[in-house]
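Novice: For reference, this is run_19.csv, and it has CSV, C-alpha atoms.
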```
chain,number,residue,atom,x,y,z
A,1,MET,CA,4.1,18.8,-45.1
A,2,VAL,CA,4.6,15.1,-44.6
A,3,LEU,CA,4.2,12.8,-47.6
A,4,VAL,CA,2.9,9.3,-46.6
A,5,GLU,CA,3.5,6.6,-49.2
A,6,ASN,CA,1.0,3.9,-50.0
A,7,THR,CA,2.6,0.4,-50.6
A,8,PRO,CA,1.1,-3.0,-51.4
A,9,SER,CA,0.8,-3.6,-47.6
A,10,ILE,CA,0.0,-0.1,-46.2
A,11,HIS,CA,-2.8,2.3,-47.2
A,12,ASN,CA,-2.7,5.9,-45.8
A,13,MET,CA,-5.7,8.1,-45.2
A,14,VAL,CA,-5.8,11.7,-43.9
A,15,VAL,CA,-8.5,13.4,-41.7
A,16,CYS,CA,-8.8,16.2,-39.3
A,17,THR,CA,-11.3,15.0,-36.6
A,18,LEU,CA,-11.2,18.3,-34.7
A,19,CYS,CA,-11.7,20.8,-37.5
A,20,SER,CA,-10.8,20.9,-41.2
A,21,CYS,CA,-6.9,20.9,-41.5
A,22,TYR,CA,-5.9,20.0,-45.0
A,23,PRO,CA,-2.9,20.5,-47.3
A,24,TRP,CA,-4.2,23.8,-48.8
A,25,PRO,CA,-1.0,24.7,-50.7
A,26,VAL,CA,-1.2,21.5,-52.8
A,27,LEU,CA,-4.9,20.5,-52.8
A,28,GLY,CA,-6.7,23.8,-52.4
A,29,LEU,CA,-9.7,24.0,-50.1
A,30,PRO,CA,-11.2,20.7,-48.9
A,31,PRO,CA,-14.5,19.4,-50.2
A,32,VAL,CA,-17.5,19.5,-48.0
A,33,TRP,CA,-17.4,15.8,-47.2
A,34,TYR,CA,-13.9,16.1,-45.8
A,35,LYS,CA,-15.2,18.8,-43.3
A,36,SER,CA,-18.4,16.9,-42.5
A,37,ALA,CA,-19.3,15.1,-39.3
A,38,PRO,CA,-19.7,11.7,-40.9
A,39,TYR,CA,-16.2,11.6,-42.3
A,40,ARG,CA,-14.5,13.1,-39.3
A,41,ALA,CA,-16.3,10.7,-37.0
A,42,ARG,CA,-15.6,7.5,-38.8
A,43,ALA,CA,-12.3,8.0,-40.6
A,44,VAL,CA,-10.4,7.1,-37.4
A,45,SER,CA,-12.6,4.3,-36.2
A,46,ASP,CA,-13.8,2.6,-39.4
A,47,PRO,CA,-11.6,3.7,-42.2
A,48,ARG,CA,-12.2,0.5,-44.1
A,49,GLY,CA,-16.0,1.2,-44.1
A,50,VAL,CA,-15.3,4.8,-45.2
A,51,LEU,CA,-13.2,3.5,-48.1
A,52,ARG,CA,-16.0,1.0,-49.1
A,53,GLU,CA,-18.3,4.0,-49.3
A,54,PHE,CA,-15.9,5.6,-51.6
A,55,GLY,CA,-15.8,2.5,-53.8
A,56,VAL,CA,-12.4,1.3,-52.6
A,57,GLU,CA,-12.2,-2.3,-51.4
A,58,LEU,CA,-8.8,-3.1,-50.0
A,59,PRO,CA,-7.5,-6.6,-49.2
A,60,ASP,CA,-8.1,-7.6,-45.5
A,61,THR,CA,-4.3,-7.9,-45.3
A,62,THR,CA,-3.7,-4.3,-46.1
A,63,GLN,CA,-2.8,-2.2,-43.0
A,64,ILE,CA,-4.6,1.1,-42.8
A,65,ARG,CA,-2.7,4.1,-41.4
A,66,VAL,CA,-4.9,7.1,-40.6
A,67,TRP,CA,-3.3,10.5,-40.0
A,68,ASP,CA,-5.3,12.8,-37.8
A,69,SER,CA,-4.1,16.4,-38.4
A,70,THR,CA,-4.2,17.7,-34.9
A,71,ALA,CA,-1.4,20.3,-35.1
A,72,GLU,CA,0.1,22.4,-37.9
A,73,VAL,CA,1.7,19.4,-39.7
A,74,ARG,CA,-0.2,18.6,-42.9
A,75,TYR,CA,-0.3,15.2,-44.7
A,76,LEU,CA,-0.5,14.2,-48.3
A,77,VAL,CA,-0.8,10.7,-49.5
A,78,LEU,CA,1.6,9.4,-52.3
A,79,PRO,CA,-0.6,6.9,-54.1
A,80,MET,CA,0.8,3.6,-55.4
A,81,ARG,CA,1.8,3.6,-59.1
A,82,PRO,CA,-0.8,1.7,-61.1
A,83,ALA,CA,0.2,-1.4,-63.0
A,84,GLY,CA,0.7,-1.0,-66.7
A,85,THR,CA,2.4,2.4,-66.5
A,86,GLN,CA,6.0,1.4,-67.2
A,87,GLY,CA,7.8,4.0,-69.2
A,88,TRP,CA,5.2,6.7,-68.6
A,89,THR,CA,6.4,10.2,-68.3
A,90,GLU,CA,5.8,12.2,-65.1
A,91,GLU,CA,3.3,14.3,-67.0
A,92,LYS,CA,1.3,11.3,-68.1
A,93,LEU,CA,1.4,9.7,-64.7
A,94,ALA,CA,0.1,12.9,-63.2
A,95,THR,CA,-3.1,12.5,-65.2
A,96,LEU,CA,-3.9,9.4,-63.1
A,97,VAL,CA,-3.6,11.2,-59.8
A,98,THR,CA,-6.9,12.3,-58.3
A,99,ARG,CA,-7.5,14.6,-55.4
A,100,ASP,CA,-9.1,11.7,-53.4
A,101,SER,CA,-6.1,9.5,-54.1
A,102,MET,CA,-3.9,12.2,-52.3
A,103,ILE,CA,-6.3,12.3,-49.3
A,104,GLY,CA,-6.3,8.5,-49.2
A,105,THR,CA,-10.1,8.0,-49.8
A,106,GLY,CA,-9.4,7.0,-53.4
A,107,LEU,CA,-7.0,5.2,-55.6
A,108,PRO,CA,-5.3,6.7,-58.7
A,109,LEU,CA,-7.0,6.1,-62.0
A,110,LEU,CA,-6.0,3.0,-64.0
A,111,PRO,CA,-4.3,3.6,-67.4
A,112,THR,CA,-7.6,2.5,-69.1
A,113,GLN,CA,-9.5,5.3,-67.2
A,114,ALA,CA,-7.0,8.1,-68.2
A,115,GLU,CA,-8.1,10.9,-70.4
A,116,PRO,CA,-6.5,10.4,-73.8
B,1,MET,CA,-13.1,21.6,-24.4
B,2,ASN,CA,-15.2,18.4,-24.8
B,3,GLY,CA,-17.2,19.9,-27.6
B,4,ALA,CA,-19.1,18.7,-30.5
B,5,HIS,CA,-16.2,19.5,-32.8
B,6,ASP,CA,-14.2,16.5,-31.3
B,7,LEU,CA,-15.9,14.0,-33.6
B,8,GLY,CA,-13.5,11.1,-33.8
B,9,GLY,CA,-15.2,7.8,-33.1
B,10,MET,CA,-18.8,9.1,-32.8
B,11,HIS,CA,-21.6,7.1,-34.3
B,12,GLY,CA,-24.9,8.0,-35.9
B,13,PHE,CA,-24.0,10.6,-38.5
B,14,GLY,CA,-24.9,8.4,-41.4
B,15,ALA,CA,-23.4,8.2,-44.8
B,16,ILE,CA,-20.7,10.5,-46.1
B,17,GLU,CA,-22.4,12.8,-48.7
B,18,ARG,CA,-20.2,13.5,-51.7
B,19,GLU,CA,-21.0,15.9,-54.4
B,20,PRO,CA,-19.8,15.3,-58.0
B,21,ASN,CA,-18.1,18.3,-59.5
B,22,GLU,CA,-18.3,20.2,-56.3
B,23,PRO,CA,-17.7,23.9,-56.5
B,24,VAL,CA,-15.2,25.5,-54.2
B,25,PHE,CA,-18.0,27.7,-52.7
B,26,HIS,CA,-21.7,27.0,-52.8
B,27,ALA,CA,-22.8,30.6,-52.5
B,28,ASP,CA,-21.1,34.0,-52.8
B,29,TRP,CA,-21.6,34.7,-49.1
B,30,GLU,CA,-19.3,31.7,-48.3
B,31,ARG,CA,-16.5,33.1,-50.5
B,32,ARG,CA,-17.0,36.5,-48.7
B,33,VAL,CA,-16.9,35.0,-45.2
B,34,PHE,CA,-13.8,32.9,-46.0
B,35,ALA,CA,-12.0,36.0,-47.4
B,36,LEU,CA,-13.1,38.1,-44.4
B,37,ALA,CA,-11.9,35.4,-41.9
B,38,LEU,CA,-8.5,35.1,-43.7
B,39,ALA,CA,-8.1,38.9,-44.0
B,40,MET,CA,-8.9,39.4,-40.3
B,41,GLY,CA,-6.6,36.5,-39.3
B,42,ALA,CA,-3.8,38.2,-41.2
B,43,THR,CA,-4.2,41.3,-39.1
B,44,GLY,CA,-2.5,39.5,-36.2
B,45,GLU,CA,-5.3,40.5,-33.8
B,46,TRP,CA,-5.7,36.8,-32.8
B,47,THR,CA,-4.0,33.4,-33.4
B,48,ILE,CA,-5.1,30.5,-35.5
B,49,ASP,CA,-5.8,28.6,-32.3
B,50,ARG,CA,-8.0,31.4,-30.9
B,51,GLY,CA,-9.8,31.3,-34.2
B,52,ARG,CA,-10.4,27.6,-33.9
B,53,PHE,CA,-11.7,27.9,-30.3
B,54,ALA,CA,-14.1,30.7,-31.4
B,55,ARG,CA,-15.6,28.3,-33.9
B,56,GLU,CA,-15.8,25.2,-31.7
B,57,ASN,CA,-16.8,26.8,-28.3
B,58,ARG,CA,-20.5,26.7,-28.6
B,59,PRO,CA,-23.4,24.4,-27.6
B,60,PRO,CA,-23.1,21.0,-29.3
B,61,ALA,CA,-26.5,21.4,-31.0
B,62,ALA,CA,-25.4,24.8,-32.4
B,63,TYR,CA,-22.1,23.5,-33.6
B,64,LEU,CA,-23.6,20.5,-35.4
B,65,THR,CA,-26.5,22.4,-37.1
B,66,LYS,CA,-24.4,25.2,-38.6
B,67,THR,CA,-22.8,24.7,-41.9
B,68,TYR,CA,-19.0,25.1,-42.2
B,69,TYR,CA,-19.0,28.7,-43.3
B,70,GLU,CA,-21.8,29.6,-40.8
B,71,LEU,CA,-19.4,28.4,-38.1
B,72,TRP,CA,-16.6,30.5,-39.6
B,73,LEU,CA,-18.9,33.6,-39.6
B,74,ALA,CA,-20.0,33.0,-36.0
B,75,GLY,CA,-16.4,32.6,-34.9
B,76,LEU,CA,-15.4,35.7,-36.7
B,77,GLU,CA,-18.2,37.8,-35.2
B,78,ARG,CA,-17.2,36.6,-31.8
B,79,LEU,CA,-13.5,37.4,-32.3
B,80,LEU,CA,-14.4,40.9,-33.7
B,81,ALA,CA,-16.5,41.6,-30.6
B,82,GLU,CA,-13.9,40.2,-28.2
B,83,SER,CA,-11.2,42.3,-29.8
B,84,LYS,CA,-13.4,45.4,-29.7
B,85,LEU,CA,-13.2,45.8,-33.4
B,86,VAL,CA,-16.9,45.3,-34.2
B,87,ALA,CA,-19.5,45.5,-31.5
B,88,PRO,CA,-22.4,43.0,-31.6
B,89,ALA,CA,-24.7,46.0,-32.1
B,90,GLU,CA,-22.7,47.0,-35.2
B,91,THR,CA,-22.9,43.4,-36.6
B,92,ALA,CA,-26.6,43.5,-36.0
B,93,ALA,CA,-26.9,46.9,-37.7
B,94,GLY,CA,-24.7,45.9,-40.6
B,95,LYS,CA,-22.6,49.1,-40.3
B,96,ALA,CA,-20.2,50.9,-38.0
B,97,LEU,CA,-21.8,52.8,-35.1
B,98,GLU,CA,-18.6,54.2,-33.7
B,99,ALA,CA,-15.2,55.1,-35.0
B,100,GLY,CA,-13.0,52.0,-35.4
B,101,ARG,CA,-9.5,51.4,-34.3
B,102,PRO,CA,-6.5,50.5,-36.5
B,103,VAL,CA,-5.4,46.9,-36.6
B,104,LYS,CA,-1.8,45.7,-36.3
B,105,ARG,CA,-1.4,44.7,-39.9
B,106,VAL,CA,-3.4,44.9,-43.1
B,107,LEU,CA,-3.2,42.2,-45.8
B,108,ALA,CA,-3.3,44.0,-49.2
B,109,VAL,CA,-5.0,42.4,-52.1
B,110,ALA,CA,-1.7,42.3,-54.1
B,111,ASP,CA,0.0,40.3,-51.3
B,112,VAL,CA,-2.6,37.7,-50.7
B,113,ALA,CA,-1.2,34.9,-52.9
B,114,ARG,CA,2.4,35.5,-51.6
B,115,VAL,CA,1.4,35.6,-48.0
B,116,LEU,CA,-0.8,32.5,-48.3
B,117,ALA,CA,1.9,30.6,-50.2
B,118,ALA,CA,4.5,31.5,-47.6
B,119,GLY,CA,2.3,30.2,-44.7
B,120,THR,CA,3.0,30.8,-41.1
B,121,ARG,CA,5.9,29.4,-39.1
B,122,TYR,CA,5.0,27.7,-35.8
B,123,GLU,CA,8.5,26.4,-35.0
B,124,ARG,CA,10.3,28.2,-32.2
B,125,PRO,CA,13.9,27.8,-30.8
B,126,ALA,CA,13.9,24.9,-28.4
B,127,SER,CA,14.3,25.8,-24.7
B,128,ALA,CA,14.6,22.2,-23.5
B,129,PRO,CA,15.6,18.8,-24.9
B,130,ALA,CA,12.9,16.6,-26.2
B,131,ARG,CA,11.6,14.2,-23.4
B,132,PHE,CA,10.7,11.4,-25.8
B,133,ARG,CA,12.3,9.6,-28.7
B,134,PRO,CA,10.9,7.6,-31.6
B,135,GLY,CA,10.0,4.1,-30.4
B,136,ASP,CA,9.2,5.3,-26.8
B,137,SER,CA,5.8,4.1,-25.5
B,138,VAL,CA,3.7,6.9,-24.1
B,139,ARG,CA,0.2,7.4,-22.7
B,140,ALA,CA,-2.0,10.2,-23.8
B,141,LYS,CA,-3.0,11.9,-20.6
B,142,THR,CA,-6.6,11.8,-19.3
B,143,MET,CA,-7.5,15.4,-19.3
B,144,ASN,CA,-10.7,17.5,-19.7
B,145,PRO,CA,-9.6,21.1,-20.1
B,146,VAL,CA,-12.5,23.6,-20.5
B,147,GLY,CA,-10.4,25.7,-22.9
B,148,HIS,CA,-9.0,24.8,-26.4
B,149,THR,CA,-7.0,21.6,-26.8
B,150,ARG,CA,-5.9,19.5,-29.7
B,151,LEU,CA,-5.8,16.2,-27.9
B,152,PRO,CA,-8.9,14.4,-29.2
B,153,ARG,CA,-11.0,12.5,-26.7
B,154,TYR,CA,-10.6,9.2,-28.5
B,155,VAL,CA,-6.9,8.9,-27.6
B,156,ARG,CA,-7.0,10.2,-24.0
B,157,GLY,CA,-5.8,7.5,-21.6
B,158,HIS,CA,-4.5,5.3,-24.4
B,159,VAL,CA,-1.0,4.0,-25.0
B,160,GLY,CA,0.8,4.8,-28.2
B,161,VAL,CA,4.3,4.9,-29.7
B,162,ILE,CA,6.3,8.0,-30.6
B,163,GLU,CA,6.9,7.8,-34.4
B,164,ALA,CA,8.5,11.2,-35.0
B,165,VAL,CA,9.6,14.4,-33.3
B,166,ASN,CA,8.2,17.3,-35.3
B,167,GLY,CA,10.1,20.2,-33.8
B,168,PHE,CA,9.5,22.7,-31.0
B,169,GLN,CA,6.2,24.3,-31.9
B,170,VAL,CA,3.7,26.9,-30.7
B,171,PHE,CA,1.4,25.2,-28.1
B,172,ALA,CA,-2.1,25.4,-29.4
B,173,ASP,CA,-3.8,25.2,-26.0
B,174,ALA,CA,-1.9,28.2,-24.6
B,175,SER,CA,-2.0,30.1,-27.9
B,176,ALA,CA,-5.8,29.9,-27.9
B,177,ALA,CA,-5.9,31.5,-24.5
B,178,GLY,CA,-3.7,34.4,-25.7
B,179,GLU,CA,-0.4,33.2,-24.3
B,180,GLU,CA,2.5,32.2,-26.6
B,181,SER,CA,4.6,29.2,-25.4
B,182,ALA,CA,6.1,26.3,-27.3
B,183,GLN,CA,6.8,22.6,-26.7
B,184,TRP,CA,8.1,19.6,-28.5
B,185,LEU,CA,5.6,18.2,-30.9
B,186,TYR,CA,5.4,14.5,-31.6
B,187,THR,CA,3.7,12.1,-34.0
B,188,VAL,CA,2.2,9.3,-31.9
B,189,ALA,CA,0.7,6.1,-33.4
B,190,PHE,CA,-2.0,4.2,-31.7
B,191,GLU,CA,-3.2,0.7,-32.6
B,192,GLY,CA,-6.8,0.4,-33.5
B,193,ARG,CA,-7.5,-2.2,-30.8
B,194,GLU,CA,-6.0,0.1,-28.2
B,195,LEU,CA,-8.4,2.8,-29.1
B,196,TRP,CA,-11.5,1.0,-30.0
B,197,GLY,CA,-11.3,-2.4,-28.3
B,198,PRO,CA,-11.4,-6.0,-29.5
B,199,ASP,CA,-13.9,-5.2,-32.3
B,200,SER,CA,-11.6,-2.8,-34.0
B,201,ASP,CA,-10.1,-3.5,-37.4
B,202,PRO,CA,-7.0,-5.5,-36.5
B,203,ARG,CA,-4.9,-3.8,-39.1
B,204,LEU,CA,-5.6,-0.2,-38.2
B,205,ALA,CA,-3.3,2.4,-36.7
B,206,VAL,CA,-4.1,6.0,-36.1
B,207,SER,CA,-1.5,8.7,-35.7
B,208,ILE,CA,-2.0,12.1,-34.1
B,209,ASN,CA,0.3,15.1,-33.5
B,210,ALA,CA,0.7,15.7,-29.8
B,211,TRP,CA,2.5,18.3,-27.8
B,212,GLU,CA,4.8,17.0,-25.0
B,213,SER,CA,2.5,18.1,-22.1
B,214,TYR,CA,-0.3,15.8,-23.6
B,215,LEU,CA,1.9,12.7,-23.0
B,216,GLU,CA,3.3,10.8,-20.0
B,217,PRO,CA,6.0,8.2,-20.1
B,218,LEU,CA,5.2,4.5,-19.5
```
Let me see the structure of the file written as structure tokens.
Specialist:
Amino acid sequence: MVLVENTPSIHNMVVCTLCSCYPWPVLGLPPVWYKSAPYRARAVSDPRGVLREFGVELPDTTQIRVWDSTAEVRYLVLPMRPAGTQGWTEEKLATLVTRDSMIGTGLPLLPTQAEP
Amino acid sequence: MNGAHDLGGMHGFGAIEREPNEPVFHADWERRVFALALAMGATGEWTIDRGRFARENRPPAAYLTKTYYELWLAGLERLLAESKLVAPAETAAGKALEAGRPVKRVLAVADVARVLAAGTRYERPASAPARFRPGDSVRAKTMNPVGHTRLPRYVRGHVGVIEAVNGFQVFADASAAGEESAQWLYTVAFEGRELWGPDSDPRLAVSINAWESYLEPL
């Protein structure tokens, strides 16, 4: 499995345009939208538009790297650490990590959105 | 094959429909089909690549109007028939009409979690040095095989850069045809404008995994 890291200048997003390849051992089975024609069609040609549909607006300067899983290599996105989490334990940080943030169609929760 | 499964870059499918609190399965039959497909895959009667081809190799209208697990069921029924395990008449009747034959392996319930967690290895001992190195410019070949391929249409004929060498791996196209061979597998990155033209997002790059025979040097 290949971990691709988001940075202030690069946002990663994972798709399987040919079928439904997905990092099962970590994320389980994919949601229906991940396997659906609209996502598979547009993730590689208009990822910024897809992200907007998911409520994610990235700066125009952010580069988008899309990983199309065309062989048996699986990809997982390492989301960027949200601001305001200095000194947080690994356990507490994990509460901010959503499934979509590891596919790259979402961002991690903000500290203000975390479950108490 | 140039089938409806090769969706990258297509227009007209509309918005992406998300479902809040989505269940893993939407009906019991989906869970059953998924389990049947995994259990039969584990028998070793066919490869993952033949399994994919059995799902995608159908008229575009049929592929696009079946739900995900309907495609898995249709693929499974075809593989069972091709492998002479369940005849189409038996599928229609919903019961065995003749004595079956033993399969190569049986995945026992107690072993499911361990076997799934262990995964399948697709790496093989290399029989030749890798032709390309990271940083090399390559062109994805223009090709239109009628059989299974994992080179999506949207990259064919386009120039990319080798980003990584992923090992010597079972070649999907041959494996789907029932022949095992292996090749070097690469990660190849393509600029958005190379794939989609001047209207593309200028800050987009798309990477695929490509076997060596999909690529030609520049």
Novice: Give as number ranges by chain every residue of chain B that touches chain A within 6 Å, counting all atoms listed in the file.
Specialist: B: 5-10, 13, 16, 18, 150, 203-209
Novice: What does the distance between CA of Thr43 in chain B and CA of Lys84 in chain B come to in Å, to one decimal place?
Specialist: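 CA of Lys84 in chain B lies 13.8 Å from CA of Thr43 in chain B.
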Novice: Quick one: distance from CA of Arg55 in chain B to CA of Ala37 in chain B in Å, one decimal?
Specialist: 11.3 Å
Novice: Would you list the contacts of range 176-180 of chain B as a PyMOL selection string, taking every protein, DNA or RNA residue within 10 Å and counting only C-alpha atoms, but skipping same-chain residues closer than 5 positions in sequence?
Specialist: chain B and resi 46-54+147-149+170-171
Novice: Please write the residues from the selection above to a file, keeping C-alpha atoms, as a short mmCIF file (atom, residue, chain, number, x, y, z; two decimals), in the coordinates of the input.
Specialist:
```cif
data_model
loop_
_atom_site.label_atom_id
_atom_site.label_comp_id
_atom_site.auth_asym_id
_atom_site.auth_seq_id
_atom_site.Cartn_x
_atom_site.Cartn_y
_atom_site.Cartn_z
CA TRP B 46 -5.70 36.80 -32.80
CA THR B 47 -4.00 33.40 -33.40
CA ILE B 48 -5.10 30.50 -35.50
CA ASP B 49 -5.80 28.60 -32.30
CA ARG B 50 -8.00 31.40 -30.90
CA GLY B 51 -9.80 31.30 -34.20
CA ARG B 52 -10.40 27.60 -33.90
CA PHE B 53 -11.70 27.90 -30.30
CA ALA B 54 -14.10 30.70 -31.40
CA GLY B 147 -10.40 25.70 -22.90
CA HIS B 148 -9.00 24.80 -26.40
CA THR B 149 -7.00 21.60 -26.80
CA VAL B 170 3.70 26.90 -30.70
CA PHE B 171 1.40 25.20 -28.10
#
```
Novice: I want to know what sits within 7 Å of Tyr75 in chain A, based on only C-alpha atoms, with residues of the same chain fewer than 6 positions away left out; could you give that as a PyMOL selection string?
Specialist: chain A and resi 1-4+14+23
Novice: Taking 5 positions as the minimum chain separation for residues in the same chain, which residues sit within 10 Å of Met143 in chain B when counting all atoms listed in the file? Answer as a ChimeraX atom specification.
Specialist: /B:1-2,149,151,153,156-157,214
Novice: B:Glu30, B:Glu216, B:Glu19, B:Glu45: which is nearest Phe132 in chain B, counting all atoms listed in the file?
Specialist: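 For Phe132 in chain B, the nearest of the candidates is B:Glu216.
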Novice: CA of Pro217 in chain B and CA of Val159 in chain B, how far apart in Å?
Specialist: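 Interatomic distance, CA of Val159 in chain B to CA of Pro217 in chain B: 9.5 Å.
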Novice: Could you check which residues have any atom within 6 Å of (-17.0, 30.6, -45.2), counting all atoms listed in the file with coordinates taken straight from the file, and then list them as number ranges by chain?
Specialist: B: 30-31, 33-34, 69, 72
Novice: List every protein, DNA or RNA residue with an atom no more than 6 Å from (0.8, 7.5, -49.8) in the file's coordinates, counting only C-alpha atoms, and format the result as a PyMOL selection string.
Specialist: chain A and resi 4-6+12+77-79
Novice: Per residue of range 16-39 of chain B within 12 Å of range 100-110 of chain B, note the shortest atom pair and the distance in Å to one decimal, counting only C-alpha atoms, and order the rows by chain and increasing residue number, as JSON lines.
Specialist:
```
{"residue": "B:Ala35", "atom": "CA", "partner": "B:Val109", "partner_atom": "CA", "distance": 10.6}
{"residue": "B:Leu36", "atom": "CA", "partner": "B:Leu107", "partner_atom": "CA", "distance": 10.8}
{"residue": "B:Ala37", "atom": "CA", "partner": "B:Leu107", "partner_atom": "CA", "distance": 11.7}
{"residue": "B:Leu38", "atom": "CA", "partner": "B:Leu107", "partner_atom": "CA", "distance": 9.1}
{"residue": "B:Ala39", "atom": "CA", "partner": "B:Leu107", "partner_atom": "CA", "distance": 6.2}
```
Novice: Pick from A:Leu110, A:Leu76, A:Leu51, A:Ala94: nearest to Leu27 in chain A, with only C-alpha atoms counted?
Specialist: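 Ranked by minimum distance to Leu27 in chain A, first place goes to A:Leu76.
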